[in-house]
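Listing of model.tsv; format and content: TSV, C-alpha atoms and all ligand atoms.
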```
chain	number	residue	atom	x	y	z
A	7	MET	CA	12.74	-102.00	104.89
A	8	THR	CA	9.49	-100.06	104.54
A	9	PRO	CA	9.35	-98.15	101.27
A	10	ALA	CA	9.56	-94.36	101.35
A	11	THR	CA	6.16	-92.71	101.19
A	12	PHE	CA	5.04	-90.15	98.63
A	13	THR	CA	2.58	-87.40	99.49
A	14	PHE	CA	0.78	-84.99	97.21
A	15	GLU	CA	-0.53	-81.58	98.12
A	16	ILE	CA	-3.46	-81.59	95.74
A	17	GLU	CA	-5.35	-78.62	94.41
A	18	GLY	CA	-8.37	-78.98	92.15
A	19	GLY	CA	-8.78	-82.74	92.60
A	20	GLU	CA	-12.06	-82.68	94.55
A	21	PHE	CA	-13.60	-85.09	92.03
A	22	LEU	CA	-11.00	-87.81	92.65
A	23	SER	CA	-12.37	-90.83	94.51
A	24	PRO	CA	-10.69	-92.07	97.72
A	25	SER	CA	-9.52	-95.05	95.69
A	26	ASP	CA	-7.94	-92.76	93.03
A	27	LEU	CA	-6.17	-90.86	95.80
A	28	LYS	CA	-4.79	-94.09	97.23
A	29	THR	CA	-3.73	-95.16	93.75
A	30	ILE	CA	-1.73	-92.04	92.92
A	31	GLN	CA	-0.06	-92.13	96.31
A	32	ARG	CA	0.92	-95.74	95.67
A	33	VAL	CA	2.20	-94.84	92.19
A	34	GLY	CA	4.36	-92.11	93.77
A	35	GLN	CA	5.71	-94.55	96.33
A	36	CYS	CA	6.50	-97.11	93.61
A	37	CYS	CA	8.35	-94.46	91.57
A	38	LEU	CA	10.56	-93.80	94.59
A	39	SER	CA	11.03	-97.50	95.17
A	40	VAL	CA	12.14	-98.38	91.61
A	41	GLU	CA	14.41	-95.31	91.60
A	42	GLY	CA	15.94	-96.47	94.90
A	43	VAL	CA	15.01	-93.30	96.80
A	44	GLU	CA	14.86	-93.99	100.52
A	45	ARG	CA	13.62	-90.65	101.84
A	46	PRO	CA	9.92	-89.73	101.88
A	47	CYS	CA	9.12	-87.26	99.12
A	48	CYS	CA	6.28	-84.90	98.26
A	49	ALA	CA	5.05	-82.81	95.35
A	50	TYR	CA	2.42	-80.19	94.72
A	51	LEU	CA	-0.20	-81.42	92.24
A	52	LEU	CA	-2.58	-79.11	90.42
A	53	LEU	CA	-5.42	-80.83	88.58
A	54	THR	CA	-6.90	-78.39	86.13
A	55	ASP	CA	-8.38	-77.98	82.64
A	56	ASP	CA	-6.95	-77.37	79.15
A	57	GLU	CA	-7.39	-73.62	79.36
A	58	THR	CA	-5.43	-73.19	82.59
A	59	ILE	CA	-2.64	-75.58	81.61
A	60	GLN	CA	-2.29	-73.63	78.36
A	61	THR	CA	-1.90	-70.37	80.33
A	62	ILE	CA	0.73	-71.98	82.61
A	63	ASN	CA	2.52	-73.47	79.60
A	64	LYS	CA	2.62	-70.04	77.95
A	65	GLU	CA	3.73	-68.17	81.07
A	66	GLN	CA	6.35	-70.66	82.23
A	67	ARG	CA	7.68	-72.13	78.99
A	68	GLY	CA	6.60	-69.67	76.31
A	69	ILE	CA	4.53	-72.38	74.57
A	70	ASP	CA	0.98	-71.23	73.85
A	71	ARG	CA	-0.56	-74.71	73.73
A	72	SER	CA	-2.46	-76.94	76.10
A	73	THR	CA	-0.84	-80.23	77.08
A	74	ASP	CA	-1.50	-83.24	79.32
A	75	VAL	CA	1.15	-82.69	81.99
A	76	LEU	CA	3.78	-80.17	83.08
A	77	SER	CA	6.53	-80.84	85.62
A	78	PHE	CA	8.57	-78.22	87.44
A	79	PRO	CA	11.46	-79.83	89.37
A	80	SER	CA	12.86	-78.31	92.57
A	81	ALA	CA	16.26	-79.98	92.48
A	82	PRO	CA	18.80	-79.81	89.63
A	83	PHE	CA	18.79	-83.54	88.86
A	84	THR	CA	19.82	-84.53	85.33
A	85	THR	CA	19.53	-87.70	83.24
A	86	ALA	CA	23.05	-88.63	84.38
A	87	HIS	CA	22.42	-87.65	88.01
A	88	THR	CA	18.91	-88.67	88.97
A	89	ALA	CA	17.35	-88.59	92.45
A	90	GLY	CA	18.28	-92.19	93.17
A	91	THR	CA	21.96	-91.67	92.43
A	92	GLU	CA	22.18	-88.28	94.18
A	93	PRO	CA	20.91	-88.75	97.75
A	94	GLU	CA	22.81	-85.68	98.96
A	95	LEU	CA	21.26	-83.44	96.34
A	96	LEU	CA	17.87	-84.86	97.29
A	97	ALA	CA	18.51	-84.28	100.99
A	98	ARG	CA	18.83	-80.53	100.28
A	99	GLU	CA	15.16	-80.52	99.29
A	100	TRP	CA	14.13	-81.69	102.77
A	101	ASP	CA	11.10	-79.78	104.01
A	102	ALA	CA	10.90	-80.17	107.78
A	103	TYR	CA	7.30	-78.97	107.79
A	104	ALA	CA	6.16	-81.57	105.22
A	105	HIS	CA	8.60	-84.10	106.65
A	106	ALA	CA	9.57	-85.05	103.10
A	107	CYS	CA	11.84	-83.97	100.26
A	108	ARG	CA	10.02	-81.56	97.99
A	109	LEU	CA	10.53	-82.80	94.43
A	110	GLY	CA	8.61	-80.01	92.70
A	111	ASP	CA	5.29	-79.15	91.11
A	112	ILE	CA	3.07	-81.11	88.74
A	113	VAL	CA	0.21	-79.73	86.64
A	114	ILE	CA	-2.20	-82.15	84.93
A	115	SER	CA	-5.08	-81.31	82.63
A	116	TRP	CA	-8.09	-83.45	83.53
A	117	ASP	CA	-9.53	-82.71	80.05
A	118	HIS	CA	-6.49	-84.46	78.60
A	119	VAL	CA	-6.75	-87.36	81.09
A	120	CYS	CA	-10.35	-88.04	79.98
A	121	ARG	CA	-9.61	-87.74	76.26
A	122	GLN	CA	-6.45	-89.86	76.38
A	123	ALA	CA	-8.12	-92.56	78.50
A	124	GLU	CA	-10.81	-92.86	75.84
A	125	GLU	CA	-8.32	-92.80	72.99
A	126	PHE	CA	-6.17	-95.57	74.54
A	127	GLY	CA	-9.21	-97.56	75.70
A	128	HIS	CA	-8.23	-97.69	79.36
A	129	SER	CA	-9.52	-96.15	82.57
A	130	GLN	CA	-9.07	-92.54	83.65
A	131	THR	CA	-7.28	-93.91	86.72
A	132	ARG	CA	-4.73	-95.68	84.54
A	133	GLU	CA	-4.18	-92.55	82.44
A	134	LEU	CA	-3.82	-90.37	85.54
A	135	SER	CA	-1.41	-92.92	87.06
A	136	TYR	CA	0.72	-92.90	83.94
A	137	LEU	CA	0.91	-89.09	83.88
A	138	ILE	CA	1.76	-89.03	87.60
A	139	ALA	CA	4.59	-91.55	87.10
A	140	HIS	CA	5.83	-89.67	84.03
A	141	SER	CA	5.97	-86.36	85.86
A	142	ILE	CA	7.58	-87.80	89.00
A	143	PHE	CA	10.39	-89.25	86.89
A	144	HIS	CA	10.79	-85.82	85.28
A	145	LEU	CA	11.06	-84.31	88.77
A	146	MET	CA	13.74	-86.91	89.56
A	147	GLY	CA	15.87	-85.96	86.53
A	148	TYR	CA	14.57	-88.17	83.72
A	149	ASP	CA	13.88	-86.80	80.25
A	150	HIS	CA	12.79	-87.95	76.80
A	151	MET	CA	14.50	-85.52	74.45
A	152	ILE	CA	16.83	-88.15	72.97
A	153	ASP	CA	15.98	-91.80	72.19
A	154	HIS	CA	18.32	-93.34	74.76
A	155	ASP	CA	16.94	-91.22	77.63
A	156	LYS	CA	13.39	-91.77	76.44
A	157	GLU	CA	13.90	-95.52	76.57
A	158	SER	CA	15.24	-95.52	80.11
A	159	MET	CA	12.48	-93.14	81.29
A	160	ARG	CA	9.82	-95.37	79.72
A	161	LYS	CA	11.32	-98.45	81.40
A	162	MET	CA	11.22	-96.78	84.80
A	163	GLU	CA	7.62	-95.67	84.29
A	164	GLU	CA	6.61	-99.19	83.33
A	165	LYS	CA	8.42	-100.72	86.30
A	166	ALA	CA	6.74	-98.28	88.71
A	167	LEU	CA	3.26	-98.82	87.23
A	168	GLU	CA	3.68	-102.58	87.27
A	169	LYS	CA	4.84	-102.45	90.90
A	170	ALA	CA	1.82	-100.30	91.72
A	171	GLY	CA	-0.47	-102.90	90.16
A	172	ILE	CA	-1.56	-100.56	87.35
A	173	THR	CA	-1.93	-103.04	84.55
A	174	ARG	CA	-3.23	-103.06	81.03
A	175	VAL	CA	-6.08	-105.26	82.25
A	176	SER	CA	-8.71	-102.99	83.75
A	177	ASP	CA	-10.12	-103.32	87.27
A	178	ASP	CA	-13.59	-103.71	85.73
A	179	GLU	CA	-12.42	-106.73	83.78
A	180	LEU	CA	-10.87	-108.36	86.86
A	181	ILE	CA	-14.01	-107.75	88.93
A	182	ALA	CA	-16.20	-109.17	86.15
A	183	LYS	CA	-14.05	-112.32	86.09
A	184	ALA	CA	-14.20	-112.61	89.89
A	185	LYS	CA	-18.00	-112.35	89.73
A	186	GLU	CA	-18.10	-115.00	87.03
A	187	ALA	CA	-15.96	-117.32	89.18
A	188	MET	CA	-18.29	-116.66	92.14
A	189	GLN	CA	-21.06	-118.47	90.24
A	190	TYR	CA	-19.08	-121.72	90.63
A	191	SER	CA	-18.79	-121.33	94.41
A	192	TYR	CA	-19.46	-124.57	96.29
A	193	SER	CA	-20.78	-123.20	99.57
A	194	PRO	CA	-23.78	-125.25	100.75
A	195	TYR	CA	-22.85	-124.71	104.42
A	196	SER	CA	-22.17	-120.98	104.69
A	197	LYS	CA	-24.16	-119.98	101.60
A	198	TYR	CA	-21.56	-117.22	101.21
A	199	LYS	CA	-20.39	-117.24	97.61
A	200	VAL	CA	-16.97	-115.79	96.83
A	201	GLY	CA	-15.05	-115.48	93.56
A	202	ALA	CA	-11.55	-114.19	92.89
A	203	CYS	CA	-9.44	-113.24	89.91
A	204	LEU	CA	-5.68	-112.97	90.34
A	205	LEU	CA	-3.56	-111.20	87.71
A	206	SER	CA	0.01	-112.43	87.31
A	207	SER	CA	2.85	-110.09	86.38
A	208	ASP	CA	3.08	-111.79	82.98
A	209	GLY	CA	-0.55	-110.78	82.30
A	210	ARG	CA	-2.35	-114.09	82.92
A	211	MET	CA	-5.61	-114.17	84.85
A	212	PHE	CA	-6.38	-117.00	87.29
A	213	THR	CA	-9.84	-117.36	88.78
A	214	GLY	CA	-11.09	-119.29	91.80
A	215	CYS	CA	-14.13	-119.77	94.03
A	216	ASN	CA	-14.59	-120.94	97.61
A	217	ILE	CA	-14.97	-124.71	97.97
A	218	GLU	CA	-16.52	-125.98	101.20
A	219	ASN	CA	-16.60	-129.43	102.73
A	220	ALA	CA	-18.87	-131.37	105.11
A	221	SER	CA	-15.79	-131.41	107.29
A	222	TYR	CA	-15.83	-127.60	107.60
A	223	GLY	CA	-12.10	-127.15	108.21
A	224	ASP	CA	-11.41	-128.54	104.78
A	225	THR	CA	-12.85	-125.38	103.17
A	226	LEU	CA	-10.69	-123.46	100.71
A	227	CYS	CA	-11.26	-119.73	100.15
A	228	ALA	CA	-11.66	-118.31	96.65
A	229	GLU	CA	-8.39	-116.34	96.87
A	230	ARG	CA	-6.31	-119.39	97.70
A	231	THR	CA	-8.07	-121.47	95.05
A	232	ALA	CA	-7.00	-118.85	92.48
A	233	LEU	CA	-3.51	-118.56	93.98
A	234	PHE	CA	-2.85	-122.29	94.08
A	235	LYS	CA	-4.13	-122.73	90.53
A	236	ALA	CA	-1.77	-119.96	89.43
A	237	VAL	CA	1.32	-121.22	91.25
A	238	SER	CA	0.70	-124.75	89.98
A	239	GLU	CA	0.79	-123.33	86.47
A	240	GLY	CA	4.10	-121.57	86.92
A	241	ALA	CA	3.02	-118.05	87.96
A	242	ARG	CA	4.97	-116.71	90.95
A	243	SER	CA	4.41	-112.99	90.95
A	244	PHE	CA	1.13	-111.08	90.93
A	245	SER	CA	0.11	-107.45	90.66
A	246	VAL	CA	-3.54	-107.42	91.68
A	247	ILE	CA	-6.38	-109.62	92.94
A	248	ALA	CA	-10.09	-108.84	92.61
A	249	ILE	CA	-12.45	-110.56	95.04
A	250	ALA	CA	-16.23	-110.55	94.71
A	251	ALA	CA	-19.03	-111.72	97.00
A	252	GLU	CA	-22.80	-111.39	96.97
A	253	LYS	CA	-23.54	-110.59	100.59
A	254	SER	CA	-20.80	-108.26	101.85
A	255	MET	CA	-17.41	-106.80	100.90
A	256	PRO	CA	-15.09	-109.85	100.94
A	257	TRP	CA	-11.87	-108.56	102.48
A	258	PRO	CA	-9.55	-111.59	102.46
A	259	CYS	CA	-9.18	-113.65	105.63
A	260	GLY	CA	-5.89	-113.85	107.51
A	261	LEU	CA	-4.90	-117.16	105.95
A	262	CYS	CA	-5.37	-115.78	102.43
A	263	ARG	CA	-3.43	-112.60	103.25
A	264	GLN	CA	-0.53	-114.74	104.46
A	265	ALA	CA	-0.70	-117.06	101.44
A	266	LEU	CA	-0.71	-114.12	98.98
A	267	ASN	CA	2.11	-112.41	100.88
A	268	GLU	CA	4.35	-115.38	100.16
A	269	PHE	CA	4.38	-114.51	96.46
A	270	SER	CA	3.49	-110.83	96.13
A	271	PRO	CA	3.93	-108.68	99.23
A	272	ASP	CA	3.02	-105.54	97.26
A	273	LEU	CA	-0.21	-106.96	95.86
A	274	ARG	CA	-3.13	-104.61	95.22
A	275	VAL	CA	-6.42	-105.97	96.58
A	276	ILE	CA	-9.78	-104.95	95.13
A	277	VAL	CA	-13.04	-106.07	96.75
A	278	ALA	CA	-16.47	-105.84	95.18
A	279	CYS	CA	-20.05	-106.54	96.19
A	280	GLY	CA	-22.77	-105.57	93.74
A	281	ASP	CA	-21.88	-102.08	92.50
A	282	GLU	CA	-19.82	-101.29	95.58
A	283	ARG	CA	-16.03	-101.60	95.45
A	284	ASP	CA	-13.02	-100.72	97.53
A	285	GLU	CA	-9.32	-101.38	97.42
A	286	SER	CA	-6.24	-101.70	99.55
A	287	THR	CA	-2.81	-103.31	99.42
A	288	LEU	CA	-1.25	-106.26	101.21
A	289	PRO	CA	1.16	-104.05	103.19
A	290	GLU	CA	-1.94	-102.31	104.57
A	291	LEU	CA	-3.88	-105.51	105.17
A	292	LEU	CA	-0.96	-107.46	106.63
A	293	PRO	CA	1.37	-105.02	108.40
A	294	HIS	CA	4.59	-106.30	109.97
A	295	SER	CA	4.19	-109.43	107.89
A	296	PHE	CA	6.24	-112.58	108.15
A	297	GLY	CA	7.44	-113.50	104.67
A	298	PRO	CA	9.99	-115.56	102.77
A	299	SER	CA	12.83	-113.17	103.56
A	300	THR	CA	11.99	-112.69	107.25
A	301	GLY	CA	12.61	-115.91	109.03
A	302	THR	CA	15.26	-117.68	107.03
A	303	SER	CA	18.75	-116.72	106.01
A	304	GLU	CA	18.16	-118.28	102.65
A	305	TYR	CA	15.17	-117.22	100.65
A	306	LEU	CA	13.05	-120.36	100.32
A	307	GLY	CA	10.96	-118.88	97.53
A	308	LYS	CA	13.85	-119.10	95.10
A	309	ASP	CA	14.37	-122.29	93.15
A	401	LIG	N1	-14.24	-117.11	102.21
A	401	LIG	C1	-13.51	-116.86	101.09
A	401	LIG	O1	-13.68	-117.49	100.05
A	401	LIG	N2	-12.55	-115.88	101.17
A	401	LIG	C2	-12.23	-115.18	102.29
A	401	LIG	O2	-11.23	-114.49	102.33
A	401	LIG	C3	-13.12	-115.27	103.45
A	401	LIG	C4	-14.06	-116.43	103.47
A	401	LIG	C5	-15.25	-118.18	102.14
A	401	LIG	C6	-14.89	-119.39	102.96
A	401	LIG	C7	-16.24	-119.97	103.25
A	401	LIG	O3	-16.60	-120.82	102.19
A	401	LIG	C8	-17.17	-118.78	103.25
A	401	LIG	O4	-16.47	-117.71	102.66
A	401	LIG	C9	-17.66	-118.37	104.62
A	401	LIG	O5	-16.63	-118.24	105.49
```

Show me the file's structure as structure tokens.
Amino acid sequence: MTPATFTFEIEGGEFLSPSDLKTIQRVGQCCLSVEGVERPCCAYLLLTDDETIQTINKEQRGIDRSTDVLSFPSAPFTTAHTAGTEPELLAREWDAYAHACRLGDIVISWDHVCRQAEEFGHSQTRELSYLIAHSIFHLMGYDHMIDHDKESMRKMEEKALEKAGITRVSDDELIAKAKEAMQYSYSPYSKYKVGACLLSSDGRMFTGCNIENASYGDTLCAERTALFKAVSEGARSFSVIAIAAEKSMPWPCGLCRQALNEFSPDLRVIVACGDERDESTLPELLPHSFGPSTGTSEYLGKD
């Protein structure tokens, strides 16, 4: 089944990069997926500064203070009746024009995003992703007023971020490792050096380079070198792969897409060449894929 999509109507986010936009959309989609929501959903997202969020906080909640994020749900979900357990309640929020269920409004202070990213030592994208996930779970009924609720909300946020490939290891670090691995490339025939760094769900990094052969067909791409190293060391699930090359953006070949799909169909894929970078996901790069659960009645990937 294809996962339900999440769309944002964004105001004030002109400074977000296309890759940030893709990321927050993926985070939204992963929130729906871990919550078990099957209908497409949408939310209005205002990206603003401390001053404006303070005004909104004062007007709407009577609290004269700036904050990082505010969520205003449309549907009356509660911690005991969240969006995933109340499909009928969710269906009432269907907006035929948006072709999605309207979950509510989110306000985020970009000033806070920047400060908190620095404080926690991670990227602004990771901080924004966390706040997006946090507010979407609020819109779906989650809360953190008492310890028990806080714990389950935190677990859901973590699951969604992990599924979206937002990890504690930064993209910069993965790209740097891929570039380092590229230096070991054995490519006397094509002279096209490639390096890859694959991050497993348990936080390990596996690197690889392309290895060519005088019998050309015996060549192994960098991505599969990293993948096979990882699987042979017990890793079976991955959140993100960074691939670097010197001469052009190294989008993975068909064979590598298929090989990666075997283990992590939701994988995030980052490509880098010099200072240029771009990203996508396996579902985008390998649509209508054939995987372990497609062709067999028994899932061969399981032990
Ligand atoms: N190559 C990779 O390492 N990864 C890919 O996804 C595409 C191609 C390598 C294989 C070969 O050594 C060289 O690039 C030229 O095809």

Counting only C-alpha atoms and all ligand atoms, which residues of chain A fall within 7 Å of ligand LIG 401 (chain A), and what is the closest atom pair for each with its distance in Å at one decimal, ordered by chain and rising number, as CSV?
```
residue,atom,partner,partner_atom,distance
A:Ser193,CA,A:LIG401,O3,5.5
A:Ser196,CA,A:LIG401,C9,5.2
A:Tyr198,CA,A:LIG401,C8,5.1
A:Lys199,CA,A:LIG401,O4,6.4
A:Val200,CA,A:LIG401,O1,4.9
A:Gly201,CA,A:LIG401,O1,6.9
A:Cys215,CA,A:LIG401,O1,6.5
A:Asn216,CA,A:LIG401,O1,4.3
A:Ile217,CA,A:LIG401,O3,6.0
A:Glu218,CA,A:LIG401,O3,5.3
A:Thr225,CA,A:LIG401,O3,6.0
A:Leu226,CA,A:LIG401,C6,6.3
A:Cys227,CA,A:LIG401,O1,3.3
A:Ala228,CA,A:LIG401,O1,4.0
A:Glu229,CA,A:LIG401,N2,6.0
A:Pro256,CA,A:LIG401,O2,6.2
A:Trp257,CA,A:LIG401,O2,6.0
A:Pro258,CA,A:LIG401,O2,3.4
A:Cys259,CA,A:LIG401,O2,4.0
A:Cys262,CA,A:LIG401,O2,6.0
```

Put those residues in a file: C-alpha atoms, as a CSV table (one decimal), keeping the file's coordinate frame.
```csv
chain,number,residue,atom,x,y,z
A,193,SER,CA,-20.8,-123.2,99.6
A,196,SER,CA,-22.2,-121.0,104.7
A,198,TYR,CA,-21.6,-117.2,101.2
A,199,LYS,CA,-20.4,-117.2,97.6
A,200,VAL,CA,-17.0,-115.8,96.8
A,201,GLY,CA,-15.0,-115.5,93.6
A,215,CYS,CA,-14.1,-119.8,94.0
A,216,ASN,CA,-14.6,-120.9,97.6
A,217,ILE,CA,-15.0,-124.7,98.0
A,218,GLU,CA,-16.5,-126.0,101.2
A,225,THR,CA,-12.8,-125.4,103.2
A,226,LEU,CA,-10.7,-123.5,100.7
A,227,CYS,CA,-11.3,-119.7,100.2
A,228,ALA,CA,-11.7,-118.3,96.6
A,229,GLU,CA,-8.4,-116.3,96.9
A,256,PRO,CA,-15.1,-109.8,100.9
A,257,TRP,CA,-11.9,-108.6,102.5
A,258,PRO,CA,-9.6,-111.6,102.5
A,259,CYS,CA,-9.2,-113.6,105.6
A,262,CYS,CA,-5.4,-115.8,102.4
```

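Residue nearest A:Asp155, chosen from A:Val237, A:Leu76, A:Leu291, A:Ala86 and counting all atoms listed in the file: A:Ala86.
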
> Between A:Ala123, A:Ile152, A:Leu145, A:Leu167, which is the closest to A:His87 once you count all atoms listed in the file?
Replying inline: A:Leu145

> Which neighbours of A:Gly209 fall inside 9 Å, counting all atoms listed in the file, when residues of the same chain fewer than 2 positions from it are skipped, and could you give them as JSON, numbers by chain?
Replying inline: {"A": [173, 174, 175, 205, 206, 207, 211, 244]}

>> Show me, as a count of residues only, the residues that have an atom within 9 Å of stretch 285-289 of chain A when counting only C-alpha atoms, minus same-chain residues fewer than 4 positions from it.
In response: 19

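Around the coordinate (6.0, -115.8, 107.2), residues that reach within 9 Å when counting all atoms listed in the file are Gln264, Ala265, Asn267, Glu268, Ser295, Phe296, Gly297, Pro298, Ser299, Thr300 and Gly301 of chain A.
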
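Distance annotation: of A:Asn63, A:Gln35, A:Gln189, A:Ser23, the residue with the minimal separation from A:Ala10 is A:Gln35; atom set is all atoms listed in the file.
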
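Closest approach to A:Val40 among A:Ala202, A:Ala81, A:Leu109, A:Ala166 is made by A:Ala166 (distances from all atoms listed in the file).
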
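The smallest atom-to-atom distance between A:Leu137 and any of A:Thr213, A:His154, A:Cys37, A:Leu204, using all atoms listed in the file, is found for A:Cys37.
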
>> Could you check the closest approach to A:Ile62 for each of A:Cys203, A:Ala187, A:Ala89, A:Ile114 and tell me which residue wins, using all atoms listed in the file?
In response: A:Ile114

> Using all atoms listed in the file, which residues sit within 10 Å of A:Phe78 once same-chain residues fewer than 3 positions away are excluded, as number ranges by chain?
Replying inline: A: 49-50, 66, 81, 109-113, 141-142, 144-145

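For the pair atom CA of A:Gly127 and atom CA of A:Asp74, the interatomic distance is 16.7 Å.
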
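Taking atom CA of A:Ala97 and atom CA of A:Phe83 as the two end points, the separation is 12.2 Å.
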
> Suppose you want the space between atom CA of A:Gln122 and atom CA of A:Ile247; what is it in Å?
Replying inline: 25.8 Å
